[in-house]
>>> print(open('upload.cif').read())   # mmCIF, C-alpha atoms
data_entry
loop_
_atom_site.group_PDB
_atom_site.id
_atom_site.type_symbol
_atom_site.label_atom_id
_atom_site.label_comp_id
_atom_site.auth_asym_id
_atom_site.auth_seq_id
_atom_site.Cartn_x
_atom_site.Cartn_y
_atom_site.Cartn_z
ATOM 1 C CA MET A 1 86.864 105.861 101.644
ATOM 2 C CA PRO A 2 88.359 105.167 98.207
ATOM 3 C CA HIS A 3 91.709 106.710 97.299
ATOM 4 C CA PRO A 4 92.679 107.816 93.771
ATOM 5 C CA GLU A 5 95.430 105.173 93.631
ATOM 6 C CA ASP A 6 92.870 102.402 94.256
ATOM 7 C CA ASP A 7 92.111 102.348 90.520
ATOM 8 C CA LEU A 8 95.778 102.013 89.501
ATOM 9 C CA PRO A 9 95.922 98.876 87.331
ATOM 10 C CA LEU A 10 98.154 96.047 88.460
ATOM 11 C CA LEU A 11 99.639 93.232 86.436
ATOM 12 C CA VAL A 12 100.083 90.392 88.900
ATOM 13 C CA TYR A 13 102.273 87.448 87.980
ATOM 14 C CA THR A 14 101.982 83.939 89.366
ATOM 15 C CA THR A 15 102.829 80.430 88.236
ATOM 16 C CA LEU A 16 101.064 77.122 88.702
ATOM 17 C CA ALA A 17 102.073 73.540 88.029
ATOM 18 C CA ASN A 18 99.780 73.106 85.031
ATOM 19 C CA GLU A 19 97.148 74.744 82.860
ATOM 20 C CA SER A 20 94.265 73.061 84.692
ATOM 21 C CA ASP A 21 95.327 74.477 88.085
ATOM 22 C CA ALA A 22 95.819 77.882 86.464
ATOM 23 C CA GLN A 23 92.345 77.784 84.884
ATOM 24 C CA SER A 24 90.781 76.866 88.213
ATOM 25 C CA LEU A 25 92.496 79.693 90.112
ATOM 26 C CA VAL A 26 91.773 82.308 87.440
ATOM 27 C CA GLN A 27 88.113 81.262 87.202
ATOM 28 C CA HIS A 28 87.769 81.590 90.980
ATOM 29 C CA LEU A 29 89.435 85.018 91.102
ATOM 30 C CA VAL A 30 87.274 86.380 88.258
ATOM 31 C CA THR A 31 84.145 85.016 89.953
ATOM 32 C CA CYS A 32 85.175 86.729 93.203
ATOM 33 C CA ARG A 33 85.755 89.976 91.255
ATOM 34 C CA LEU A 34 89.332 90.188 92.506
ATOM 35 C CA ILE A 35 90.647 90.270 88.936
ATOM 36 C CA ALA A 36 89.107 91.412 85.677
ATOM 37 C CA CYS A 37 91.040 88.881 83.626
ATOM 38 C CA GLY A 38 93.718 86.251 83.869
ATOM 39 C CA THR A 39 95.911 85.299 80.940
ATOM 40 C CA ILE A 40 97.242 81.740 81.128
ATOM 41 C CA ILE A 41 100.462 81.002 79.278
ATOM 42 C CA PRO A 42 101.206 77.268 79.332
ATOM 43 C CA GLY A 43 104.631 75.861 78.569
ATOM 44 C CA ALA A 44 106.734 77.992 80.908
ATOM 45 C CA ARG A 45 109.742 76.407 82.584
ATOM 46 C CA SER A 46 111.033 77.566 85.940
ATOM 47 C CA VAL A 47 114.450 76.855 87.400
ATOM 48 C CA TYR A 48 114.737 77.631 91.097
ATOM 49 C CA ARG A 49 116.322 76.615 94.360
ATOM 50 C CA TRP A 50 113.984 74.937 96.873
ATOM 51 C CA ASN A 51 115.107 73.348 100.132
ATOM 52 C CA GLY A 52 118.749 73.533 99.013
ATOM 53 C CA GLU A 53 118.115 71.765 95.696
ATOM 54 C CA VAL A 54 118.018 73.259 92.190
ATOM 55 C CA ILE A 55 114.773 72.263 90.525
ATOM 56 C CA SER A 56 113.585 72.661 86.941
ATOM 57 C CA GLY A 57 109.959 72.124 86.095
ATOM 58 C CA ALA A 58 107.168 72.930 83.695
ATOM 59 C CA GLU A 59 104.621 75.503 84.829
ATOM 60 C CA ALA A 60 101.891 77.735 83.497
ATOM 61 C CA LEU A 61 102.574 81.460 83.784
ATOM 62 C CA VAL A 62 99.523 83.522 84.704
ATOM 63 C CA ILE A 63 99.127 87.279 84.352
ATOM 64 C CA LEU A 64 96.274 88.604 86.477
ATOM 65 C CA LYS A 65 94.768 92.009 85.708
ATOM 66 C CA SER A 66 93.541 93.756 88.813
ATOM 67 C CA ARG A 67 93.978 97.075 90.592
ATOM 68 C CA TYR A 68 95.690 98.466 93.642
ATOM 69 C CA GLY A 69 92.483 98.797 95.668
ATOM 70 C CA ARG A 70 91.904 95.023 95.476
ATOM 71 C CA TRP A 71 95.508 93.972 96.235
ATOM 72 C CA ASP A 72 95.074 93.004 99.900
ATOM 73 C CA GLU A 73 92.045 90.818 99.179
ATOM 74 C CA LEU A 74 93.680 89.310 96.081
ATOM 75 C CA LEU A 75 96.821 88.496 98.060
ATOM 76 C CA ALA A 76 94.827 86.814 100.837
ATOM 77 C CA GLU A 77 92.702 84.792 98.395
ATOM 78 C CA VAL A 78 95.661 83.598 96.334
ATOM 79 C CA GLN A 79 97.536 82.573 99.483
ATOM 80 C CA GLN A 80 94.497 80.568 100.549
ATOM 81 C CA LYS A 81 93.692 78.944 97.171
ATOM 82 C CA HIS A 82 97.100 78.539 95.513
ATOM 83 C CA PRO A 83 98.471 74.978 95.755
ATOM 84 C CA TYR A 84 102.103 76.076 96.323
ATOM 85 C CA ASP A 85 103.495 76.568 99.837
ATOM 86 C CA ILE A 86 104.947 79.934 98.795
ATOM 87 C CA PRO A 87 103.254 81.069 95.587
ATOM 88 C CA GLU A 88 104.856 83.583 93.294
ATOM 89 C CA LEU A 89 102.704 86.694 93.473
ATOM 90 C CA ILE A 90 104.394 89.776 92.080
ATOM 91 C CA ALA A 91 102.391 92.918 91.308
ATOM 92 C CA VAL A 92 103.645 95.491 88.836
ATOM 93 C CA PRO A 93 101.758 98.783 88.535
ATOM 94 C CA ALA A 94 100.685 99.729 85.028
ATOM 95 C CA MET A 95 101.455 103.441 85.009
ATOM 96 C CA ILE A 96 100.033 104.009 81.524
ATOM 97 C CA ALA A 97 97.157 102.135 79.909
ATOM 98 C CA LEU A 98 94.233 102.677 77.598
ATOM 99 C CA PRO A 99 91.673 104.615 79.714
ATOM 100 C CA ALA A 100 88.788 102.413 78.553
ATOM 101 C CA TYR A 101 90.748 99.306 79.638
ATOM 102 C CA ILE A 102 91.375 100.820 83.071
ATOM 103 C CA ARG A 103 87.657 101.590 83.431
ATOM 104 C CA TRP A 104 86.851 98.001 82.481
ATOM 105 C CA ILE A 105 89.269 96.641 85.113
ATOM 106 C CA VAL A 106 87.724 98.915 87.761
ATOM 107 C CA GLU A 107 84.174 97.913 86.785
ATOM 108 C CA GLU A 108 84.978 94.190 86.765
ATOM 109 C CA THR A 109 86.786 94.298 90.109
ATOM 110 C CA THR A 110 84.176 96.330 91.958
ATOM 111 C CA PRO A 111 82.344 94.127 94.464
ATOM 112 C CA ILE A 112 78.648 93.692 93.645
ATOM 113 C CA ASP A 113 77.572 95.155 97.004
ATOM 114 C CA ALA A 114 79.677 98.278 96.334
ATOM 115 C CA GLU A 115 77.904 98.854 93.011
ATOM 116 C CA THR A 116 74.538 99.258 94.725
ATOM 117 C CA THR A 117 75.684 101.685 97.405
#
>>> encode(input="upload.cif", output="structure tokens")
Amino acid sequence: MPHPEDDLPLLVYTTLANESDAQSLVQHLVTCRLIACGTIIPGARSVYRWNGEVISGAEALVILKSRYGRWDELLAEVQQKHPYDIPELIAVPAMIALPAYIRWIVEETTPIDAETT
């Protein structure tokens, strides 16, 4: 049974090593209807500690537009498809947005089989 918060839009942030990997992941997630859109921002640089070493590297920042009701499936799919051992996947609720944009996100992230029931 759907809950009202299921349609709450989420902005989900992740990073990938390059624009090609980002394009591949975003394309897959849109095809699976887990996101309505993914914005790829190449040219990001991350500085982080990994295995006790400080690392600096180029990445592509990706902003995924989805909704709360698809979070669990999106999380599972990204963990399976993302090339990083521990991918960044941070969801921020969008408390206020253009109503037509929210409707579009909901429509584009509704599984095909759910549309016919």
>>> residues_around(input="upload.cif", residues="A:Val26", least_positions_apart="2", cutoff="8 Å", atoms="all atoms listed in the file", output="tab-separated table (two decimals) with C-alpha atoms, keeping the file's coordinate frame")
chain	number	residue	atom	x	y	z
A	22	ALA	CA	95.82	77.88	86.46
A	23	GLN	CA	92.34	77.78	84.88
A	24	SER	CA	90.78	76.87	88.21
A	28	HIS	CA	87.77	81.59	90.98
A	29	LEU	CA	89.44	85.02	91.10
A	30	VAL	CA	87.27	86.38	88.26
A	37	CYS	CA	91.04	88.88	83.63
A	38	GLY	CA	93.72	86.25	83.87
A	64	LEU	CA	96.27	88.60	86.48
>>> residues_around(input="upload.cif", residues="A:Ala44", least_positions_apart="5", cutoff="12 Å", atoms="all atoms listed in the file", output="list in words")
Thr14, Thr15, Leu16, Ala17, Asn18, Glu19, Ser56, Gly57, Ala58, Glu59, Ala60, Leu61 and Val62 of chain A
>>> resolve_selection(input="upload.cif", expression="the PyMOL selection byres ((chain A and resi 35) around 10)", output="ChimeraX atom specification")
/A:10-12,26-34,36-38,64-67,70-71,74,105-106,108-110
>>> closest_residue(input="upload.cif", among="A:Ile112, A:Ala91, A:Leu25, A:Ile55", to="A:Tyr13", atoms="all atoms listed in the file")
A:Ala91
>>> atom_distance(input="upload.cif", atom1="atom CA of A:Met95", atom2="atom CA of A:Leu8")
7.4 Å
>>> resolve_selection(input="upload.cif", expression="the PyMOL selection byres ((chain A and resi 7) around 8)", output="VMD selection string")
chain A and resid 4 to 6 8 to 9 67 to 69 102 106
>>> axis_aligned_box(input="upload.cif", around="stretch 12-19 of chain A", padding_each_side="6 Å", output="AutoDock Vina command-line options")
--center_x 100.0 --center_y 81.7 --center_z 86.1 --size_x 17.7 --size_y 29.3 --size_z 18.5
>>> atom_distance(input="upload.cif", atom1="atom CA of A:Gly43", atom2="atom CA of A:Ala94")
25.0 Å
>>> atom_distance(input="upload.cif", atom1="atom CA of A:Leu98", atom2="atom CA of A:His3")
20.3 Å
>>> build_atoms(input="upload.cif", residues="stretch 26-41 of chain A", atoms="N, CA, C and O atoms", output="PDB file, in the coordinates of the input")
ATOM      1  N   VAL A  26      92.231  81.112  88.157  1.00  0.00           N
ATOM      2  CA  VAL A  26      91.773  82.308  87.440  1.00  0.00           C
ATOM      3  C   VAL A  26      90.255  82.390  87.460  1.00  0.00           C
ATOM      4  O   VAL A  26      89.684  83.455  87.723  1.00  0.00           O
ATOM      5  N   GLN A  27      89.582  81.294  87.189  1.00  0.00           N
ATOM      6  CA  GLN A  27      88.113  81.262  87.202  1.00  0.00           C
ATOM      7  C   GLN A  27      87.586  81.720  88.566  1.00  0.00           C
ATOM      8  O   GLN A  27      86.661  82.517  88.656  1.00  0.00           O
ATOM      9  N   HIS A  28      88.182  81.215  89.626  1.00  0.00           N
ATOM     10  CA  HIS A  28      87.769  81.590  90.980  1.00  0.00           C
ATOM     11  C   HIS A  28      87.981  83.083  91.231  1.00  0.00           C
ATOM     12  O   HIS A  28      87.093  83.766  91.761  1.00  0.00           O
ATOM     13  N   LEU A  29      89.135  83.605  90.847  1.00  0.00           N
ATOM     14  CA  LEU A  29      89.435  85.018  91.102  1.00  0.00           C
ATOM     15  C   LEU A  29      88.553  85.964  90.294  1.00  0.00           C
ATOM     16  O   LEU A  29      88.162  87.027  90.783  1.00  0.00           O
ATOM     17  N   VAL A  30      88.208  85.573  89.066  1.00  0.00           N
ATOM     18  CA  VAL A  30      87.274  86.380  88.258  1.00  0.00           C
ATOM     19  C   VAL A  30      85.890  86.345  88.901  1.00  0.00           C
ATOM     20  O   VAL A  30      85.233  87.372  89.044  1.00  0.00           O
ATOM     21  N   THR A  31      85.453  85.165  89.310  1.00  0.00           N
ATOM     22  CA  THR A  31      84.145  85.016  89.953  1.00  0.00           C
ATOM     23  C   THR A  31      84.053  85.862  91.218  1.00  0.00           C
ATOM     24  O   THR A  31      83.015  86.476  91.477  1.00  0.00           O
ATOM     25  N   CYS A  32      85.141  85.929  91.970  1.00  0.00           N
ATOM     26  CA  CYS A  32      85.175  86.729  93.203  1.00  0.00           C
ATOM     27  C   CYS A  32      85.367  88.226  92.942  1.00  0.00           C
ATOM     28  O   CYS A  32      85.385  89.011  93.882  1.00  0.00           O
ATOM     29  N   ARG A  33      85.552  88.591  91.671  1.00  0.00           N
ATOM     30  CA  ARG A  33      85.755  89.976  91.255  1.00  0.00           C
ATOM     31  C   ARG A  33      87.056  90.574  91.796  1.00  0.00           C
ATOM     32  O   ARG A  33      87.188  91.783  91.957  1.00  0.00           O
ATOM     33  N   LEU A  34      88.025  89.716  92.060  1.00  0.00           N
ATOM     34  CA  LEU A  34      89.332  90.188  92.506  1.00  0.00           C
ATOM     35  C   LEU A  34      90.240  90.518  91.332  1.00  0.00           C
ATOM     36  O   LEU A  34      91.201  91.267  91.479  1.00  0.00           O
ATOM     37  N   ILE A  35      89.937  89.946  90.177  1.00  0.00           N
ATOM     38  CA  ILE A  35      90.647  90.270  88.936  1.00  0.00           C
ATOM     39  C   ILE A  35      89.604  90.457  87.837  1.00  0.00           C
ATOM     40  O   ILE A  35      88.506  89.908  87.902  1.00  0.00           O
ATOM     41  N   ALA A  36      89.977  91.246  86.840  1.00  0.00           N
ATOM     42  CA  ALA A  36      89.107  91.412  85.677  1.00  0.00           C
ATOM     43  C   ALA A  36      89.387  90.325  84.648  1.00  0.00           C
ATOM     44  O   ALA A  36      88.503  89.928  83.895  1.00  0.00           O
ATOM     45  N   CYS A  37      90.621  89.827  84.654  1.00  0.00           N
ATOM     46  CA  CYS A  37      91.040  88.881  83.626  1.00  0.00           C
ATOM     47  C   CYS A  37      92.302  88.175  84.108  1.00  0.00           C
ATOM     48  O   CYS A  37      93.083  88.751  84.862  1.00  0.00           O
ATOM     49  N   GLY A  38      92.469  86.963  83.647  1.00  0.00           N
ATOM     50  CA  GLY A  38      93.718  86.251  83.869  1.00  0.00           C
ATOM     51  C   GLY A  38      94.156  85.615  82.571  1.00  0.00           C
ATOM     52  O   GLY A  38      93.373  84.927  81.921  1.00  0.00           O
ATOM     53  N   THR A  39      95.371  85.878  82.160  1.00  0.00           N
ATOM     54  CA  THR A  39      95.911  85.299  80.940  1.00  0.00           C
ATOM     55  C   THR A  39      96.816  84.132  81.325  1.00  0.00           C
ATOM     56  O   THR A  39      97.759  84.307  82.097  1.00  0.00           O
ATOM     57  N   ILE A  40      96.506  82.959  80.812  1.00  0.00           N
ATOM     58  CA  ILE A  40      97.242  81.740  81.128  1.00  0.00           C
ATOM     59  C   ILE A  40      98.172  81.419  79.968  1.00  0.00           C
ATOM     60  O   ILE A  40      97.731  81.285  78.826  1.00  0.00           O
ATOM     61  N   ILE A  41      99.450  81.296  80.283  1.00  0.00           N
ATOM     62  CA  ILE A  41     100.462  81.002  79.278  1.00  0.00           C
ATOM     63  C   ILE A  41     101.102  79.662  79.639  1.00  0.00           C
ATOM     64  O   ILE A  41     101.990  79.600  80.490  1.00  0.00           O
TER      65      ILE A  41
END
